[in-house]
Amino acid sequence: MKGTKLMIMIIVTILGPVGLVQASALSIYEIQYTTDANGTSGQHGNVVDCRGGIVVYKSSGSRTKLTLYDPNHPDAWGGIMAKDRYGVGAFAEVNVGDWVSFTNVEVEDFGGTTFLQYKSENDPNFTIVSTNNPLPKPLAVTVDEIAAPVEGFDAWLVADHHAEKYEGMLIKVIDVYVKDTGYGKAYDNYILESNVDPNLACWASDYMNDDRDGIYHPYIEIGQNFCGVAGVLEQYTAEKYGIYYDYYQLLTTGTENFTIHQTADFDDDCDVDFVDFSTFAGHWRQDGCNEPDWCGRADLTKDQPNGIVDTFDLLKFAQHWLEGK
Ligand SMILES: [Ca+2]
Ligand SMILES: [Ca+2]
Ligand SMILES: [Ca+2]
Ligand SMILES: [Ca+2]
C-alpha cells in the first residue's frame, strides 16, 4: 500500500502537473455556455485556468482587453474578453492572431459581460501558444438575434438574453441603416435598423473603435446605410439617474467593420450573385472605362487603372463572389 502510494506520488510528480493543469483547464465555451435566464456564467467568481483562444482584437488604453475566439465553437459561446484588470501592461507582448492560454484568471460577469480578469492577487499567468493564426470572418447574425432593448418607465431592458451566446464574438449584421444616435447609459449607442424589416433593430457603439472621431466613427450619421456592420458583442448592465439598463451592443473596432458598398455589387442590393455577374459579363472586354462610370463599375481594378474589363477584374469579382447577404 505504502509502495503504491509512493509510486502514485512519483508518477504525479513526473507527469502530473502538466497533465492535470491541461485536463482541468476550461475552454472559452465551457466558461461562457449557460442556461441561466440572465446569461450569467456558471463560473462567475471562480479562479480558473483557460485554454483560451485566438486574439481577434486588442483594445488600446491602459486596461487592455483581449477579445478571444475559440475556433472549435464558431457559431455560439465561442468568444470571451480577457482584461488587464489593473492596467499593469500585462498583455503588452500579445498580438492579434496569437493563441493565448491562461492560468489563475478570475471569471467575472462584470456589468453583464463575462471577463477573464487578470488580477495580480491571484498570481495569474498566460502563454502565447502560437502566433499568426487565421482570424475568423465575422459571423453573420440577424438583427433580431441581438435585438435592441425596449424602453420602459425607468429602464431600457432587453426582452430576453438570447443574444448571450454571441457575447465576446465577432459578429455582423447586414443591410441596416442608422436610425438614431445618443442612446444608452453613456449616450454613445446608435440604433441600427434593418432595411428589410423596420421592426427589427439593434444597438451599436464605437467606444472601442480605433478610428472613431469623438463618440462615433465618422461614418455614423442618421440615415447612413450599411451593407454590413461588424463588431464584438458586449452585454452592458448599469444604473444611472434611477434608470436601469440591460442591453447588448455591437462594438465596432475599426473602419474595416463598416461595409457601405459591397465590392462587385453592381445592382446595390448588398450581395454579389448571378445578377451582378450578368452585369459584369455585359462589360467583358470593354475598354475606355473612366470616371464616373468605370464601365458600369465592372472595371474593378480601376485603382491600378487600365480602363479595361479583363481577367484581373474577373479575379477580383471572384474574390467577392457571394459576399454580402
Ligand atoms: Ca452576459
Ligand atoms: Ca457571458
Ligand atoms: Ca448584387
Ligand atoms: Ca480593369
# chains A, B, ... in the order shown; residues from 1 in each chain; ligands from 1
>>> closest_atom_pairs(of="chain A", to="ligand 4", cutoff="7 Å", atoms="only C-alpha atoms and all ligand atoms", output="tab-separated table")
residue	atom	partner	partner_atom_place_in_ligand_line	distance
A:Asp299	CA	ligand 4	1 (Ca)	4.2
A:Leu300	CA	ligand 4	1 (Ca)	5.6
A:Thr301	CA	ligand 4	1 (Ca)	4.3
A:Lys302	CA	ligand 4	1 (Ca)	5.5
A:Pro305	CA	ligand 4	1 (Ca)	6.6
A:Asn306	CA	ligand 4	1 (Ca)	5.5
A:Gly307	CA	ligand 4	1 (Ca)	5.6
A:Ile308	CA	ligand 4	1 (Ca)	4.7
A:Val309	CA	ligand 4	1 (Ca)	4.6
A:Asp310	CA	ligand 4	1 (Ca)	5.7
A:Phe312	CA	ligand 4	1 (Ca)	6.1
A:Asp313	CA	ligand 4	1 (Ca)	5.0
>>> residues_near_ligand(ligand="ligand 2", cutoff="10 Å", atoms="only C-alpha atoms and all ligand atoms", output="short mmCIF file (atom, residue, chain, number, x, y, z; two decimals) with N, CA and C atoms, in the first residue's frame")
data_model
loop_
_atom_site.label_atom_id
_atom_site.label_comp_id
_atom_site.auth_asym_id
_atom_site.auth_seq_id
_atom_site.Cartn_x
_atom_site.Cartn_y
_atom_site.Cartn_z
N ILE A 28 -13.10 28.31 -23.60
CA ILE A 28 -13.95 29.51 -23.59
C ILE A 28 -15.42 29.10 -23.56
N TYR A 29 -15.74 28.11 -24.38
CA TYR A 29 -17.11 27.61 -24.45
C TYR A 29 -17.60 27.18 -23.06
N ILE A 31 -16.71 28.15 -20.22
CA ILE A 31 -16.91 29.29 -19.32
C ILE A 31 -18.15 30.08 -19.71
N GLN A 32 -18.34 30.25 -21.02
CA GLN A 32 -19.44 31.11 -21.47
C GLN A 32 -20.80 30.42 -21.50
N TYR A 33 -20.82 29.14 -21.90
CA TYR A 33 -22.11 28.48 -22.07
C TYR A 33 -22.90 28.48 -20.77
N THR A 34 -24.15 28.92 -20.87
CA THR A 34 -25.01 28.94 -19.69
C THR A 34 -26.46 28.82 -20.10
N ASP A 36 -28.59 29.98 -17.72
CA ASP A 36 -29.12 30.95 -16.77
C ASP A 36 -29.95 32.01 -17.51
N ASN A 38 -30.49 35.05 -16.93
CA ASN A 38 -29.82 36.35 -17.07
C ASN A 38 -28.51 36.25 -17.84
N GLY A 39 -28.15 35.03 -18.22
CA GLY A 39 -26.94 34.84 -19.01
C GLY A 39 -25.67 34.79 -18.20
N THR A 40 -25.79 34.70 -16.87
CA THR A 40 -24.59 34.71 -16.02
C THR A 40 -23.81 33.41 -16.18
N SER A 41 -22.49 33.54 -16.26
CA SER A 41 -21.62 32.37 -16.37
C SER A 41 -21.67 31.54 -15.10
N GLY A 42 -21.73 30.22 -15.25
CA GLY A 42 -21.69 29.33 -14.10
C GLY A 42 -20.35 29.36 -13.38
N GLN A 43 -19.34 29.92 -14.04
CA GLN A 43 -18.00 30.01 -13.44
C GLN A 43 -17.77 31.36 -12.76
N HIS A 44 -18.79 32.23 -12.76
CA HIS A 44 -18.64 33.57 -12.15
C HIS A 44 -18.07 33.47 -10.74
N TRP A 77 -21.22 30.87 -28.24
CA TRP A 77 -20.46 30.68 -26.99
C TRP A 77 -18.96 30.55 -27.27
N GLY A 79 -16.64 33.16 -27.76
CA GLY A 79 -15.83 34.36 -27.57
C GLY A 79 -15.82 34.80 -26.12
N ILE A 80 -14.75 35.45 -25.73
CA ILE A 80 -14.67 35.99 -24.37
C ILE A 80 -13.63 37.11 -24.36
N MET A 81 -13.74 37.97 -23.37
CA MET A 81 -12.74 39.04 -23.22
C MET A 81 -11.87 38.75 -22.00
N VAL A 107 -12.93 34.51 -13.37
CA VAL A 107 -14.10 34.70 -14.22
C VAL A 107 -15.03 35.68 -13.51
N GLU A 108 -15.34 36.77 -14.18
CA GLU A 108 -16.21 37.76 -13.56
C GLU A 108 -17.23 38.28 -14.57
N ASP A 109 -18.50 38.12 -14.24
CA ASP A 109 -19.55 38.77 -15.02
C ASP A 109 -19.62 40.20 -14.52
N PHE A 110 -18.96 41.09 -15.24
CA PHE A 110 -18.80 42.48 -14.81
C PHE A 110 -19.64 43.37 -15.72
N GLY A 112 -22.45 42.77 -16.81
CA GLY A 112 -23.17 41.96 -17.78
C GLY A 112 -22.29 41.11 -18.67
N THR A 113 -21.02 41.49 -18.81
CA THR A 113 -20.14 40.75 -19.72
C THR A 113 -19.16 39.88 -18.94
N THR A 114 -18.95 38.68 -19.45
CA THR A 114 -18.03 37.73 -18.81
C THR A 114 -16.60 38.06 -19.19
N PHE A 115 -15.77 38.31 -18.17
CA PHE A 115 -14.36 38.61 -18.39
C PHE A 115 -13.49 37.54 -17.73
N HIS A 161 -32.32 37.17 -22.93
CA HIS A 161 -30.86 37.14 -23.07
C HIS A 161 -30.42 36.11 -24.11
N ALA A 163 -29.25 36.71 -26.89
CA ALA A 163 -28.03 37.17 -27.57
C ALA A 163 -26.76 36.76 -26.81
N GLU A 164 -26.95 36.25 -25.59
CA GLU A 164 -25.79 35.95 -24.74
C GLU A 164 -24.78 35.03 -25.42
N LYS A 165 -25.27 34.12 -26.25
CA LYS A 165 -24.36 33.16 -26.89
C LYS A 165 -23.37 33.83 -27.83
N TYR A 166 -23.66 35.05 -28.25
CA TYR A 166 -22.73 35.76 -29.13
C TYR A 166 -21.81 36.72 -28.37
N GLU A 167 -21.97 36.80 -27.06
CA GLU A 167 -21.15 37.73 -26.28
C GLU A 167 -19.66 37.42 -26.47
N GLY A 168 -18.90 38.45 -26.73
CA GLY A 168 -17.46 38.27 -26.93
C GLY A 168 -17.09 37.77 -28.31
N GLU A 234 -21.14 42.93 -26.82
CA GLU A 234 -20.94 43.09 -25.38
C GLU A 234 -22.29 43.33 -24.72
N GLN A 235 -22.49 42.68 -23.58
CA GLN A 235 -23.68 43.00 -22.78
C GLN A 235 -23.30 44.10 -21.81
#
>>> select_by_dssp(residues="segment 83-269 of chain A", states="strand (DSSP E or B)", output="number ranges by chain")
A: 83-84, 99-110, 113-118, 125-130, 139-140, 147, 150-151, 155-157, 167, 170-183, 189-194, 201-205, 213, 216, 225-240, 243-251, 258-259
>>> closest_residue(among="A:Trp294, A:Tyr190, A:Phe91, A:Phe277", to="ligand 3", atoms="only C-alpha atoms and all ligand atoms")
A:Phe277
>>> closest_residue(among="A:Lys137, A:Lys179, A:His162, A:Arg63", to="ligand 1", atoms="only C-alpha atoms and all ligand atoms")
A:His162
>>> atom_distance(atom1="atom CA of Thr131 of chain A", atom2="atom CA of Gly231 of chain A")
22.2 Å
>>> closest_residue(among="A:Gly111, A:Gly53, A:Gly89, A:Pro218", to="ligand 1", atoms="only C-alpha atoms and all ligand atoms")
A:Gly111
>>> residues_near_ligand(ligand="ligand 3", cutoff="12 Å", atoms="only C-alpha atoms and all ligand atoms", output="list of chain:residue names")
A:Cys227, A:His261, A:Gln262, A:Thr263, A:Ala264, A:Asp265, A:Phe266, A:Asp267, A:Asp268, A:Asp269, A:Cys270, A:Asp271, A:Val272, A:Asp273, A:Phe274, A:Val275, A:Asp276, A:Phe277, A:Ser278, A:Thr279, A:Phe280, A:Phe317, A:His320, A:Trp321, A:Leu322, A:Glu323, A:Gly324, A:Lys325
>>> atom_distance(atom1="atom CA of Val94 of chain A", atom2="atom CA of Ile128 of chain A")
7.4 Å
>>> residues_around(residues="Val158 of chain A", least_positions_apart="4", cutoff="7 Å", atoms="only C-alpha atoms", output="JSON, numbers by chain")
{"A": [148, 149, 150, 246, 247]}
>>> residues_around(residues="Leu251 of chain A", least_positions_apart="4", cutoff="6 Å", atoms="only C-alpha atoms", output="PyMOL selection string")
chain A and resi 204-206+231-233
